[in-house]
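Engineer: The file below is upload.pdb, PDB, C-alpha atoms:
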```
MODEL        1
ATOM      1  CA  MET O 604      83.375  32.641  90.790
ATOM      2  CA  GLY O 605      79.655  33.077  91.178
ATOM      3  CA  SER O 606      77.976  36.236  92.285
ATOM      4  CA  GLU O 607      77.417  36.238  96.007
ATOM      5  CA  ALA O 608      74.279  37.727  97.489
ATOM      6  CA  LYS O 609      75.087  40.479  99.946
ATOM      7  CA  GLU O 610      73.911  39.957 103.481
ATOM      8  CA  GLU O 611      71.031  42.179 104.490
ATOM      9  CA  VAL O 612      71.924  44.667 107.231
ATOM     10  CA  ALA O 613      68.426  46.148 107.487
ATOM     11  CA  VAL O 614      65.093  46.452 105.723
ATOM     12  CA  VAL O 615      64.007  50.084 105.667
ATOM     13  CA  PHE O 616      60.428  51.335 105.265
ATOM     14  CA  THR O 617      60.387  54.672 103.430
ATOM     15  CA  TYR O 618      57.263  56.809 103.583
ATOM     16  CA  GLY O 619      58.371  60.316 102.560
ATOM     17  CA  THR O 620      61.136  62.039 100.655
ATOM     18  CA  LEU O 621      63.134  58.803 100.223
ATOM     19  CA  LYS O 622      60.334  57.315  98.081
ATOM     20  CA  LYS O 623      60.551  57.183  94.299
ATOM     21  CA  GLY O 624      59.691  60.533  92.763
ATOM     22  CA  PHE O 625      60.771  62.613  95.770
ATOM     23  CA  HIS O 626      63.903  64.677  96.374
ATOM     24  CA  ASN O 627      65.900  62.371  98.665
ATOM     25  CA  HIS O 628      65.280  59.235  96.603
ATOM     26  CA  ARG O 629      68.541  60.070  94.811
ATOM     27  CA  VAL O 630      70.359  58.756  97.897
ATOM     28  CA  LEU O 631      68.715  55.352  97.523
ATOM     29  CA  GLU O 632      69.371  55.407  93.768
ATOM     30  CA  GLU O 633      73.085  55.918  94.464
ATOM     31  CA  LEU O 634      73.066  53.076  97.013
ATOM     32  CA  MET O 635      71.266  50.785  94.569
ATOM     33  CA  ALA O 636      73.828  51.642  91.877
ATOM     34  CA  THR O 637      76.640  50.480  94.195
ATOM     35  CA  GLY O 638      74.744  47.353  95.256
ATOM     36  CA  GLU O 639      74.285  48.605  98.817
ATOM     37  CA  ALA O 640      70.497  48.775  98.610
ATOM     38  CA  ALA O 641      67.705  47.114  96.669
ATOM     39  CA  PHE O 642      64.048  47.956  96.140
ATOM     40  CA  LEU O 643      61.835  45.210  97.621
ATOM     41  CA  GLY O 644      58.386  46.564  96.799
ATOM     42  CA  ARG O 645      55.456  48.686  97.875
ATOM     43  CA  CYS O 646      53.944  48.234 101.303
ATOM     44  CA  ARG O 647      51.911  49.868 104.050
ATOM     45  CA  THR O 648      51.986  49.775 107.791
ATOM     46  CA  SER O 649      50.138  46.863 109.377
ATOM     47  CA  ILE O 650      48.510  49.225 111.891
ATOM     48  CA  ARG O 651      47.704  52.912 111.927
ATOM     49  CA  TYR O 652      50.358  55.570 112.553
ATOM     50  CA  PRO O 653      50.246  59.347 112.207
ATOM     51  CA  LEU O 654      52.056  60.670 109.131
ATOM     52  CA  VAL O 655      52.210  64.466 109.334
ATOM     53  CA  CYS O 656      54.100  67.327 107.725
ATOM     54  CA  GLY O 657      56.241  69.632 109.797
ATOM     55  CA  PRO O 658      58.327  72.640 108.814
ATOM     56  CA  TYR O 659      58.989  72.948 105.075
ATOM     57  CA  ARG O 660      56.440  70.149 104.440
ATOM     58  CA  VAL O 661      58.959  67.598 105.700
ATOM     59  CA  PRO O 662      57.148  64.323 106.498
ATOM     60  CA  PHE O 663      57.242  62.793 109.967
ATOM     61  CA  LEU O 664      56.000  59.347 110.955
ATOM     62  CA  LEU O 665      55.030  59.469 114.615
ATOM     63  CA  ASP O 666      55.527  56.424 116.821
ATOM     64  CA  LEU O 667      51.973  56.573 118.129
ATOM     65  CA  PRO O 668      50.595  53.178 117.044
ATOM     66  CA  GLY O 669      46.827  53.043 116.639
ATOM     67  CA  SER O 670      46.520  56.762 115.831
ATOM     68  CA  GLY O 671      46.365  58.233 112.337
ATOM     69  CA  ARG O 672      45.994  56.047 109.261
ATOM     70  CA  LEU O 673      47.590  53.106 107.526
ATOM     71  CA  VAL O 674      50.677  54.599 105.888
ATOM     72  CA  SER O 675      51.893  53.509 102.462
ATOM     73  CA  GLY O 676      55.508  53.441 101.423
ATOM     74  CA  GLU O 677      58.324  51.427  99.936
ATOM     75  CA  LEU O 678      60.657  48.764 101.299
ATOM     76  CA  TYR O 679      64.405  48.693 100.666
ATOM     77  CA  SER O 680      66.983  46.130 101.622
ATOM     78  CA  VAL O 681      70.179  47.782 102.848
ATOM     79  CA  THR O 682      73.255  45.595 102.524
ATOM     80  CA  SER O 683      76.062  47.613 104.078
ATOM     81  CA  GLU O 684      76.701  49.378 107.366
ATOM     82  CA  ARG O 685      78.014  52.323 105.350
ATOM     83  CA  ALA O 686      74.682  52.677 103.553
ATOM     84  CA  LEU O 687      72.701  52.439 106.791
ATOM     85  CA  SER O 688      74.977  55.059 108.372
ATOM     86  CA  LEU O 689      74.433  57.322 105.368
ATOM     87  CA  LEU O 690      70.639  57.020 105.761
ATOM     88  CA  ASP O 691      70.938  57.643 109.512
ATOM     89  CA  GLU O 692      72.966  60.779 108.795
ATOM     90  CA  LEU O 693      70.440  62.004 106.216
ATOM     91  CA  GLU O 694      67.634  61.479 108.749
ATOM     92  CA  GLY O 695      69.538  63.204 111.554
ATOM     93  CA  THR O 696      69.363  60.315 114.026
ATOM     94  CA  SER O 697      72.361  61.654 115.948
ATOM     95  CA  ARG O 698      70.882  65.169 116.010
ATOM     96  CA  GLY O 699      67.455  64.405 117.466
ATOM     97  CA  HIS O 700      65.476  64.700 114.211
ATOM     98  CA  TYR O 701      64.417  61.072 113.723
ATOM     99  CA  GLN O 702      64.872  57.709 115.435
ATOM    100  CA  ARG O 703      65.260  54.459 113.494
ATOM    101  CA  ARG O 704      63.068  51.824 115.136
ATOM    102  CA  PRO O 705      61.146  48.657 114.216
ATOM    103  CA  ILE O 706      57.859  48.643 112.354
ATOM    104  CA  GLU O 707      55.694  45.928 110.847
ATOM    105  CA  VAL O 708      54.499  46.399 107.285
ATOM    106  CA  VAL O 709      52.228  44.538 104.887
ATOM    107  CA  GLU O 710      53.594  43.937 101.409
ATOM    108  CA  LEU O 711      51.277  45.096  98.617
ATOM    109  CA  VAL O 712      50.780  43.197  95.403
ATOM    110  CA  ASP O 713      50.579  44.822  91.972
ATOM    111  CA  GLY O 714      47.291  46.615  91.459
ATOM    112  CA  GLU O 715      46.420  46.671  95.149
ATOM    113  CA  GLU O 716      45.339  50.012  96.517
ATOM    114  CA  GLU O 717      47.779  51.486  98.999
ATOM    115  CA  GLU O 718      45.205  53.132 101.235
ATOM    116  CA  GLU O 719      42.783  50.271 101.843
ATOM    117  CA  GLU O 720      41.465  49.877 105.340
ATOM    118  CA  GLU O 721      42.863  47.255 107.665
ATOM    119  CA  ASP O 722      42.236  43.715 106.573
ATOM    120  CA  GLU O 723      39.786  41.690 108.554
ATOM    121  CA  GLY O 724      39.484  37.990 109.209
ATOM    122  CA  GLU O 725      40.947  35.543 106.723
ATOM    123  CA  GLY O 726      42.190  38.230 104.309
ATOM    124  CA  ARG O 727      44.719  39.360 106.892
ATOM    125  CA  LYS O 728      46.257  35.891 107.151
ATOM    126  CA  ARG O 729      46.992  35.737 103.406
ATOM    127  CA  ARG O 730      49.029  38.924 103.402
ATOM    128  CA  LYS O 731      52.756  38.800 103.885
ATOM    129  CA  THR O 732      53.842  40.921 106.816
ATOM    130  CA  ARG O 733      57.418  41.893 107.309
ATOM    131  CA  ARG O 734      59.482  43.489 110.034
ATOM    132  CA  ALA O 735      61.405  46.542 108.926
ATOM    133  CA  GLU O 736      62.844  49.702 110.371
ATOM    134  CA  ALA O 737      61.393  53.171 109.935
ATOM    135  CA  TYR O 738      62.591  56.665 110.691
ATOM    136  CA  TYR O 739      60.120  58.019 113.237
ATOM    137  CA  ALA O 740      60.031  61.600 114.470
ATOM    138  CA  ASP O 741      62.124  61.866 117.618
ATOM    139  CA  GLY O 742      60.049  60.976 120.653
ATOM    140  CA  GLY O 743      60.954  64.288 122.287
ATOM    141  CA  TYR O 744      58.501  66.150 120.055
ATOM    142  CA  ALA O 745      56.256  63.479 118.457
ATOM    143  CA  MET O 746      53.152  64.081 120.581
ATOM    144  CA  GLU O 747      53.542  67.831 120.265
ATOM    145  CA  MET O 748      53.793  67.434 116.467
ATOM    146  CA  TRP O 749      50.614  65.304 116.440
ATOM    147  CA  ASP O 750      48.768  67.960 118.439
ATOM    148  CA  LYS O 751      50.142  70.788 116.248
ATOM    149  CA  CYS O 752      48.829  68.988 113.142
ATOM    150  CA  GLY O 753      45.348  68.772 114.672
ATOM    151  CA  ARG O 754      45.682  65.012 115.122
ATOM    152  CA  MET O 755      45.077  64.696 111.396
ATOM    153  CA  GLY O 756      47.452  62.544 109.395
ATOM    154  CA  HIS O 757      47.965  61.336 105.841
ATOM    155  CA  GLY O 758      47.862  57.828 104.441
ATOM    156  CA  SER O 759      50.573  58.636 101.922
ATOM    157  CA  TYR O 760      53.134  61.344 101.284
ATOM    158  CA  THR O 761      52.030  62.275  97.785
ATOM    159  CA  ALA O 762      53.017  65.119  95.462
ATOM    160  CA  GLU O 763      49.914  66.967  96.646
ATOM    161  CA  VAL O 764      50.764  66.487 100.322
ATOM    162  CA  ALA O 765      54.385  67.482  99.635
ATOM    163  CA  ARG O 766      53.408  70.678  97.786
ATOM    164  CA  GLY O 767      55.525  73.426  99.315
ATOM    165  CA  TYR O 768      58.374  71.085 100.337
ATOM    166  CA  VAL O 769      61.618  73.011 100.697
ATOM    167  CA  LYS O 770      64.870  71.172  99.947
ATOM    168  CA  ARG O 771      67.500  71.204 102.671
ATOM    169  CA  GLY O 772      69.835  73.442 100.642
ATOM    170  CA  ASP O 773      67.069  76.027 100.169
ATOM    171  CA  ARG O 774      66.280  76.400 103.890
ATOM    172  CA  PRO O 775      67.763  79.160 106.055
ATOM    173  CA  PRO O 776      71.276  77.927 106.865
ATOM    174  CA  ASN O 777      71.778  79.787 110.125
ATOM    175  CA  LEU O 778      69.480  77.512 112.196
ATOM    176  CA  SER O 779      69.509  73.783 112.822
ATOM    177  CA  PHE O 780      66.609  71.673 111.594
ATOM    178  CA  LEU O 781      65.755  70.900 115.212
ATOM    179  CA  HIS O 782      65.435  74.651 115.795
ATOM    180  CA  HIS O 783      63.099  74.867 112.774
ATOM    181  CA  ILE O 784      61.020  72.043 114.279
ATOM    182  CA  ARG O 785      60.791  73.900 117.598
ATOM    183  CA  CYS O 786      59.762  77.124 115.789
ATOM    184  CA  PHE O 787      57.123  75.214 113.829
ATOM    185  CA  LEU O 788      55.716  73.683 117.009
ATOM    186  CA  SER O 789      55.587  77.002 118.842
ATOM    187  CA  SER O 790      53.975  78.952 115.977
ATOM    188  CA  SER O 791      50.251  79.633 116.066
TER     189      SER O 791
ENDMDL
END
```
Turn the structure described in the file into structure tokens.
Structural biologist:
Amino acid sequence: MGSEAKEEVAVVFTYGTLKKGFHNHRVLEELMATGEAAFLGRCRTSIRYPLVCGPYRVPFLLDLPGSGRLVSGELYSVTSERALSLLDELEGTSRGHYQRRPIEVVELVDGEEEEEEEDEGEGRKRRKTRRAEAYYADGGYAMEMWDKCGRMGHGSYTAEVARGYVKRGDRPPNLSFLHHIRCFLSSS
């Protein structure tokens, strides 16, 4: 019996707390330990998107292509429906927090800067682009979030950008995260 490669269910682009070194990466580590996910490499979006921080310094990628900056992140292969469901649950897709939708990313090679500007001309053709899925802020509040953040985004969710992040278990338990988002958007 040889080892069989697991069929890929999805390729997921992570840009925030699921990245290595951040709080929710433990979920991906557990999935990798069971063979339900695999790290594919570093990447960045092929076009600009807004990456902003909402309540508790939680990162949100906004599905507003052409706005913001090129966003760096990591790619993971997910090889089970269970694992994809677990990520969907973490991201609150059924509760109106995020929506998992397609995105095109550019794979980065070792030593390449993550926040370079868009490639032009022939350089663009040499890069490997890949279709993936990303967790975008729910469309019901994305534009409002962009406006609230002064239409200023980040190219990467770094330790500095994340400073002040509050883990889910340390947030007030009596309100839903969607309620916290609404409070954040309505605050001055």
Engineer: Run through the PyMOL selection byres ((chain O and resi 702) around 7) on the given coordinates and return the selected residues as a tab-separated table (two decimals) with C-alpha atoms, in the frame of the given file.
Structural biologist:
```tsv
chain	number	residue	atom	x	y	z
O	696	THR	CA	69.36	60.32	114.03
O	701	TYR	CA	64.42	61.07	113.72
O	703	ARG	CA	65.26	54.46	113.49
O	704	ARG	CA	63.07	51.82	115.14
O	738	TYR	CA	62.59	56.66	110.69
O	739	TYR	CA	60.12	58.02	113.24
O	740	ALA	CA	60.03	61.60	114.47
O	741	ASP	CA	62.12	61.87	117.62
```
Engineer: Here is a test: counting only C-alpha atoms, which residue of O:Arg651, O:Arg785, O:Lys731, O:Lys609 is nearest to Lys751 in chain O?
Structural biologist: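 So, comparing all the options, the nearest one is O:Arg785.
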Engineer: Identify which of the residues O:Met746, O:Val661, O:Ala686, O:Val708 lies closest to Thr648 in chain O, counting all atoms listed in the file when measuring atom-to-atom distances.
Structural biologist: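 Closest residue, counting all atoms listed in the file: O:Val708.
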Engineer: Using only C-alpha atoms, which protein or nucleic acid residues come within 9 Å of Phe625 in chain O? Drop anything in the same chain fewer than 6 positions from it, and give the result as a ChimeraX atom specification.
Structural biologist: /O:619,761-762,765
Engineer: Given all atoms listed in the file as the basis, pick out the residue of O:Leu687, O:Val612, O:Ala636, O:Ala745 nearest to Pro668 in chain O.
Structural biologist: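 The answer is O:Ala745, which sits nearest to Pro668 in chain O.
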Engineer: Quick one: residues within 10 Å of (60.1, 71.4, 108.4) (file frame), counting only C-alpha atoms, please, as number ranges by chain.
Structural biologist: O: 656-663, 768-771, 774, 780-788
Engineer: Please provide the set of residues having any atom within 9 Å of Gly669 in chain O, restricted to only C-alpha atoms, with same-chain residues fewer than 4 positions apart removed, written as an NGL selection string.
Structural biologist: :O and (650-653)
Engineer: Residues near range 678-684 of chain O, anyone? I mean within 9 Å using only C-alpha atoms, not counting same-chain ones fewer than 2 positions away, as a list in words.
Structural biologist: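 Near neighbours after the sequence-gap exclusion: Lys609, Glu610, Glu611, Val612, Ala613, Val614, Val615, Phe616, Thr617, Leu631, Leu634, Met635, Gly638, Glu639, Ala640, Ala641, Phe642, Leu643, Gly644, Arg645, Cys646, Gly676, Ala686, Leu687, Ser688, Leu689, Val708, Glu710 and Ala735 of chain O.
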Engineer: Using only C-alpha atoms, which residue out of O:Thr620, O:Ser649, O:Ser779, O:Asn627 lies closest to Thr732 in chain O?
Structural biologist: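 Checking each of O:Thr620, O:Ser649, O:Ser779, O:Asn627 against Thr732 in chain O, counting only C-alpha atoms, the winner is O:Ser649.
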Engineer: With only C-alpha atoms as the atoms that count, which of O:Arg647, O:Glu692, O:Gly743, O:Arg766 lies nearest to Glu707 in chain O?
Structural biologist: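 Once distances to Glu707 in chain O are computed over only C-alpha atoms, the minimum belongs to O:Arg647.
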Engineer: Provide the CA of Leu778 in chain O to CA of Tyr618 in chain O distance in Å, to one decimal place.
Structural biologist: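 These two atoms are separated by 25.5 Å.
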Engineer: Might you pull out every residue within 10 Å of Leu654 in chain O, with all atoms listed in the file counted and same-chain residues fewer than 3 positions away left off, and present them as a list of chain:residue names?
Structural biologist: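 What passes the distance filter is O:Tyr618, O:Gly619, O:Arg651, O:Gly657, O:Pro662, O:Phe663, O:Leu664, O:Leu665, O:Asp666, O:Leu667, O:Ser670, O:Gly671, O:Arg672, O:Leu673, O:Val674, O:Ser675, O:Tyr739, O:Ala740, O:Trp749, O:Cys752, O:Arg754, O:Met755, O:Gly756, O:His757, O:Gly758, O:Ser759, O:Tyr760.
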Engineer: In Å, with one decimal, what is the gap from CA of Val709 in chain O to CA of Glu677 in chain O?
Structural biologist: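 For CA of Val709 in chain O relative to CA of Glu677 in chain O, the distance reads 10.4 Å.
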Engineer: Between O:Pro775, O:Gly624, O:Asp750, O:Val630, which one has atoms that come closest to Leu693 in chain O, using all atoms listed in the file?
Structural biologist: O:Val630
Engineer: For a test of reading the model, state the distance in Å between CA of Glu747 in chain O and CA of Asp773 in chain O, rounded to one decimal.
Structural biologist: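 Straight-line distance from CA of Glu747 in chain O to CA of Asp773 in chain O works out to 25.6 Å.
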Engineer: Padding 8 Å on every side, please: axis-aligned box over the listed atoms of range 665-682 of chain O, centre and edge lengths to one decimal in Å, as lines of an AutoDock Vina configuration file.
Structural biologist:
```
center_x = 59.6
center_y = 52.5
center_z = 109.0
size_x = 43.3
size_y = 29.9
size_z = 34.2
```
Engineer: Could you add the missing atoms to range 686-701 of chain O, up to N, CA, C and O atoms, and return them as a short mmCIF file (atom, residue, chain, number, x, y, z; two decimals), in the frame of the given file?
Structural biologist:
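That gives us out.cif:
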```
data_model
loop_
_atom_site.label_atom_id
_atom_site.label_comp_id
_atom_site.auth_asym_id
_atom_site.auth_seq_id
_atom_site.Cartn_x
_atom_site.Cartn_y
_atom_site.Cartn_z
N ALA O 686 75.93 52.17 104.11
CA ALA O 686 74.68 52.68 103.55
C ALA O 686 73.70 53.02 104.67
O ALA O 686 73.03 54.06 104.63
N LEU O 687 73.61 52.17 105.68
CA LEU O 687 72.70 52.44 106.79
C LEU O 687 73.15 53.69 107.55
O LEU O 687 72.32 54.53 107.93
N SER O 688 74.45 53.86 107.72
CA SER O 688 74.98 55.06 108.37
C SER O 688 74.66 56.31 107.56
O SER O 688 74.35 57.36 108.12
N LEU O 689 74.74 56.19 106.24
CA LEU O 689 74.43 57.32 105.37
C LEU O 689 72.96 57.72 105.51
O LEU O 689 72.63 58.91 105.61
N LEU O 690 72.06 56.72 105.56
CA LEU O 690 70.64 57.02 105.76
C LEU O 690 70.40 57.63 107.14
O LEU O 690 69.62 58.58 107.29
N ASP O 691 71.07 57.08 108.17
CA ASP O 691 70.94 57.64 109.51
C ASP O 691 71.38 59.10 109.54
O ASP O 691 70.75 59.94 110.19
N GLU O 692 72.47 59.41 108.84
CA GLU O 692 72.97 60.78 108.80
C GLU O 692 71.96 61.68 108.08
O GLU O 692 71.66 62.78 108.55
N LEU O 693 71.44 61.22 106.95
CA LEU O 693 70.44 62.00 106.22
C LEU O 693 69.24 62.31 107.11
O LEU O 693 68.71 63.42 107.09
N GLU O 694 68.82 61.33 107.90
CA GLU O 694 67.63 61.48 108.75
C GLU O 694 67.94 62.14 110.09
O GLU O 694 67.03 62.35 110.90
N GLY O 695 69.18 62.47 110.33
CA GLY O 695 69.54 63.20 111.55
C GLY O 695 69.33 62.42 112.84
O GLY O 695 68.96 63.00 113.86
N THR O 696 69.60 61.12 112.81
CA THR O 696 69.36 60.32 114.03
C THR O 696 70.27 60.74 115.18
O THR O 696 69.87 60.63 116.33
N SER O 697 71.45 61.23 114.88
CA SER O 697 72.36 61.65 115.95
C SER O 697 72.09 63.09 116.40
O SER O 697 72.68 63.56 117.37
N ARG O 698 71.18 63.77 115.69
CA ARG O 698 70.88 65.17 116.01
C ARG O 698 69.47 65.38 116.57
O ARG O 698 69.00 66.50 116.67
N GLY O 699 68.78 64.28 116.86
CA GLY O 699 67.46 64.40 117.47
C GLY O 699 66.33 64.71 116.50
O GLY O 699 65.26 65.14 116.91
N HIS O 700 66.54 64.47 115.19
CA HIS O 700 65.48 64.70 114.21
C HIS O 700 64.56 63.48 114.13
O HIS O 700 63.34 63.60 114.24
N TYR O 701 65.15 62.32 113.88
CA TYR O 701 64.42 61.07 113.72
C TYR O 701 65.10 59.97 114.53
O TYR O 701 66.28 60.08 114.88
#
```
